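Just run-v8.pdb here, PDB, C-alpha atoms, pLDDT in the B column:
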ATOM      1  CA  LYS A   1      21.089 -42.799  17.597  1.00 74.00           C
ATOM      2  CA  VAL A   2      17.337 -42.927  17.211  1.00 67.00           C
ATOM      3  CA  TYR A   3      15.109 -40.156  18.504  1.00 62.00           C
ATOM      4  CA  ASN A   4      11.361 -40.391  18.899  1.00 61.00           C
ATOM      5  CA  THR A   5      10.033 -37.140  17.465  1.00 62.00           C
ATOM      6  CA  ILE A   6       6.339 -37.939  17.827  1.00 67.00           C
ATOM      7  CA  CYS A   7       4.787 -35.554  20.337  1.00 75.00           C
ATOM      8  CA  LYS A   8       2.713 -36.841  23.231  1.00 78.00           C
ATOM      9  CA  ALA A   9      -0.509 -35.387  21.816  1.00 79.00           C
ATOM     10  CA  THR A  10      -0.032 -37.236  18.517  1.00 79.00           C
ATOM     11  CA  LEU A  11       0.758 -40.491  20.303  1.00 79.00           C
ATOM     12  CA  ALA A  12      -2.316 -40.109  22.503  1.00 84.00           C
ATOM     13  CA  ARG A  13      -4.487 -39.475  19.428  1.00 84.00           C
ATOM     14  CA  GLN A  14      -3.130 -42.609  17.735  1.00 86.00           C
ATOM     15  CA  GLU A  15      -3.734 -44.742  20.836  1.00 87.00           C
ATOM     16  CA  SER A  16      -7.273 -43.379  21.128  1.00 91.00           C
ATOM     17  CA  VAL A  17      -8.019 -44.283  17.511  1.00 91.00           C
ATOM     18  CA  CYS A  18      -6.786 -47.818  18.114  1.00 92.00           C
ATOM     19  CA  GLN A  19      -9.036 -48.201  21.163  1.00 93.00           C
ATOM     20  CA  LEU A  20     -12.072 -46.575  19.541  1.00 93.00           C
ATOM     21  CA  ALA A  21     -11.745 -48.618  16.340  1.00 93.00           C
ATOM     22  CA  SER A  22     -12.252 -51.808  18.325  1.00 92.00           C
ATOM     23  CA  LYS A  23     -15.625 -50.542  19.607  1.00 95.00           C
ATOM     24  CA  VAL A  24     -17.312 -49.207  16.447  1.00 96.00           C
ATOM     25  CA  ASP A  25     -18.778 -50.458  13.170  1.00 95.00           C
ATOM     26  CA  GLY A  26     -17.054 -47.765  11.138  1.00 96.00           C
ATOM     27  CA  MET A  27     -14.547 -44.993  11.574  1.00 96.00           C
ATOM     28  CA  ILE A  28     -14.432 -41.602   9.886  1.00 97.00           C
ATOM     29  CA  VAL A  29     -11.043 -39.939   9.841  1.00 96.00           C
ATOM     30  CA  LEU A  30     -11.354 -36.233   9.126  1.00 96.00           C
ATOM     31  CA  GLY A  31      -8.358 -34.267   7.951  1.00 95.00           C
ATOM     32  CA  GLY A  32      -6.127 -33.263   5.081  1.00 94.00           C
ATOM     33  CA  LEU A  33      -5.282 -35.904   2.513  1.00 92.00           C
ATOM     34  CA  ASN A  34      -1.707 -34.580   2.524  1.00 93.00           C
ATOM     35  CA  SER A  35      -1.395 -34.838   6.317  1.00 91.00           C
ATOM     36  CA  ALA A  36       0.985 -37.555   7.508  1.00 90.00           C
ATOM     37  CA  ASN A  37      -0.650 -37.389  10.945  1.00 90.00           C
ATOM     38  CA  THR A  38      -4.141 -37.966   9.550  1.00 93.00           C
ATOM     39  CA  LYS A  39      -2.875 -40.678   7.212  1.00 94.00           C
ATOM     40  CA  LYS A  40      -1.454 -42.543  10.205  1.00 93.00           C
ATOM     41  CA  LEU A  41      -4.822 -42.323  12.000  1.00 93.00           C
ATOM     42  CA  ALA A  42      -6.579 -43.824   8.971  1.00 96.00           C
ATOM     43  CA  GLU A  43      -3.958 -46.585   8.739  1.00 95.00           C
ATOM     44  CA  ILE A  44      -4.359 -47.438  12.427  1.00 94.00           C
ATOM     45  CA  SER A  45      -8.115 -47.608  12.048  1.00 95.00           C
ATOM     46  CA  LYS A  46      -7.926 -49.822   8.961  1.00 95.00           C
ATOM     47  CA  SER A  47      -5.346 -52.106  10.551  1.00 94.00           C
ATOM     48  CA  ALA A  48      -7.737 -52.599  13.480  1.00 94.00           C
ATOM     49  CA  GLY A  49     -10.097 -54.161  10.938  1.00 94.00           C
ATOM     50  CA  VAL A  50     -12.796 -51.494  10.978  1.00 95.00           C
ATOM     51  CA  SER A  51     -14.300 -49.984   7.839  1.00 96.00           C
ATOM     52  CA  THR A  52     -12.703 -46.552   7.520  1.00 96.00           C
ATOM     53  CA  GLN A  53     -13.470 -43.441   5.497  1.00 96.00           C
ATOM     54  CA  TRP A  54     -10.825 -40.726   5.288  1.00 96.00           C
ATOM     55  CA  ILE A  55     -12.314 -37.405   4.237  1.00 96.00           C
ATOM     56  CA  GLU A  56     -11.188 -33.790   4.148  1.00 96.00           C
ATOM     57  CA  HIS A  57     -14.654 -32.269   4.469  1.00 95.00           C
ATOM     58  CA  PRO A  58     -17.998 -33.550   5.795  1.00 95.00           C
ATOM     59  CA  ASP A  59     -19.562 -33.091   2.332  1.00 94.00           C
ATOM     60  CA  GLU A  60     -17.341 -35.954   1.100  1.00 95.00           C
ATOM     61  CA  LEU A  61     -19.016 -38.485   3.407  1.00 93.00           C
ATOM     62  CA  GLU A  62     -20.571 -41.294   1.386  1.00 88.00           C
ATOM     63  CA  GLN A  63     -24.056 -41.795   2.836  1.00 87.00           C
ATOM     64  CA  GLY A  64     -24.217 -45.385   1.547  1.00 92.00           C
ATOM     65  CA  TRP A  65     -21.136 -46.222   3.596  1.00 93.00           C
ATOM     66  CA  LEU A  66     -23.178 -45.650   6.760  1.00 93.00           C
ATOM     67  CA  LYS A  67     -25.620 -48.446   5.897  1.00 92.00           C
ATOM     68  CA  ASN A  68     -25.690 -51.216   8.531  1.00 92.00           C
ATOM     69  CA  LYS A  69     -23.411 -49.251  10.862  1.00 93.00           C
ATOM     70  CA  ASP A  70     -24.864 -48.457  14.272  1.00 92.00           C
ATOM     71  CA  ASN A  71     -21.767 -47.003  15.938  1.00 94.00           C
ATOM     72  CA  ILE A  72     -19.476 -44.602  14.099  1.00 95.00           C
ATOM     73  CA  GLY A  73     -16.190 -43.356  15.514  1.00 96.00           C
ATOM     74  CA  ILE A  74     -14.711 -40.022  14.513  1.00 95.00           C
ATOM     75  CA  ALA A  75     -11.036 -39.142  14.560  1.00 94.00           C
ATOM     76  CA  ALA A  76      -9.438 -35.967  13.293  1.00 93.00           C
ATOM     77  CA  GLY A  77      -5.920 -34.940  12.486  1.00 89.00           C
ATOM     78  CA  GLY A  78      -4.193 -32.570  14.867  1.00 85.00           C
ATOM     79  CA  SER A  79      -4.587 -29.590  12.544  1.00 88.00           C
ATOM     80  CA  THR A  80      -8.228 -30.258  11.655  1.00 92.00           C
ATOM     81  CA  PRO A  81     -10.310 -27.245  12.722  1.00 93.00           C
ATOM     82  CA  ASP A  82     -12.913 -27.803  15.425  1.00 93.00           C
ATOM     83  CA  TRP A  83     -15.629 -26.296  13.217  1.00 95.00           C
ATOM     84  CA  LEU A  84     -15.112 -29.092  10.664  1.00 95.00           C
ATOM     85  CA  ILE A  85     -15.475 -31.730  13.368  1.00 95.00           C
ATOM     86  CA  ARG A  86     -18.684 -30.089  14.617  1.00 95.00           C
ATOM     87  CA  GLU A  87     -19.993 -29.910  11.043  1.00 96.00           C
ATOM     88  CA  LEU A  88     -19.329 -33.641  10.552  1.00 96.00           C
ATOM     89  CA  ILE A  89     -21.134 -34.516  13.793  1.00 95.00           C
ATOM     90  CA  GLN A  90     -24.071 -32.345  12.780  1.00 94.00           C
ATOM     91  CA  LYS A  91     -24.219 -34.024   9.360  1.00 92.00           C
ATOM     92  CA  LEU A  92     -24.157 -37.503  10.926  1.00 92.00           C
ATOM     93  CA  ASN A  93     -26.951 -36.565  13.329  1.00 90.00           C
ATOM     94  CA  MET A  94     -29.121 -35.464  10.391  1.00 84.00           C
ATOM     95  CA  MET A  95     -28.665 -38.747   8.487  1.00 80.00           C
TER      96      MET A  95
END
Could I get this file's structure written as structure tokens?
Amino acid sequence: KVYNTICKATLARQESVCQLASKVDGMIVLGGLNSANTKKLAEISKSAGVSTQWIEHPDELEQGWLKNKDNIGIAAGGSTPDWLIRELIQKLNMM
């Protein structure tokens, strides 16, 4: 027997990344480098053909990577704290 153990929230997050990746010039995936959930989000984004950066903290964002990118998508792993997401958005707005 095969059981699907992926929760609905995780599936929804993965589907959202797939849809968003098709609409942006680059995707930032924020979350732990040891997180299987976050790794899957980065893989989905890359497989959609969009330039993807996977970072654990906003300070790791490579400013040069943003060059020639008008629309940036942000995805975060399920256990990524909201304050880190807000910090990343704030950093992007200041660049």
Query raised in the report: What does the PyMOL selection byres ((chain A and resi 79) around 12) select in this file, as a list in words?
Result: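 Output from the PyMOL selection byres ((chain A and resi 79) around 12), applied to this file: Ala9, Thr10, Leu30, Gly31, Gly32, Leu33, Asn34, Ser35, Ala36, Asn37, Thr38, Glu56, Ala75, Ala76, Gly77, Gly78, Thr80, Pro81, Asp82, Trp83, Leu84 and Ile85 of chain A.
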Query raised in the report: What gap, in Å, lies between CA of Ser47 in chain A and CA of Gly73 in chain A?
Result: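 So the answer is 14.8 Å.
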Requested in this report: Quick one: everything within 12 Å of Asn93 in chain A, counting all atoms listed in the file, minus sequence neighbours fewer than 3 positions away in the same chain. Send it as a PyMOL selection string.
Outcome: chain A and resi 66+71-72+86-90
Query raised in the report: Using only C-alpha atoms, can you list as an MDAnalysis selection string the residues within 12 Å of (-24.2, -53.4, 8.3)?
Result: chainID A and resid 24:26 50:51 64:72
So that I have them on file, write out the residues from the current selection with C-alpha atoms, as a tab-separated table (two decimals), keeping the file's coordinate frame.
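Result file follows (result39.tsv):
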chain	number	residue	atom	x	y	z
A	24	VAL	CA	-17.31	-49.21	16.45
A	25	ASP	CA	-18.78	-50.46	13.17
A	26	GLY	CA	-17.05	-47.76	11.14
A	50	VAL	CA	-12.80	-51.49	10.98
A	51	SER	CA	-14.30	-49.98	7.84
A	64	GLY	CA	-24.22	-45.38	1.55
A	65	TRP	CA	-21.14	-46.22	3.60
A	66	LEU	CA	-23.18	-45.65	6.76
A	67	LYS	CA	-25.62	-48.45	5.90
A	68	ASN	CA	-25.69	-51.22	8.53
A	69	LYS	CA	-23.41	-49.25	10.86
A	70	ASP	CA	-24.86	-48.46	14.27
A	71	ASN	CA	-21.77	-47.00	15.94
A	72	ILE	CA	-19.48	-44.60	14.10
Report task. Evaluate the PyMOL selection byres ((chain A and resi 21) around 7) on the structure here and hand back the selected residues as a PyMOL selection string. Result -> chain A and resi 17-20+22-24+27+45+48+50+73
**Report entry** Straight-line distance linking CA of Cys7 in chain A with CA of Ile74 in chain A, stated in Å to one decimal
**Finding:**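 Calculated distance between CA of Cys7 in chain A and CA of Ile74 in chain A is 20.8 Å.
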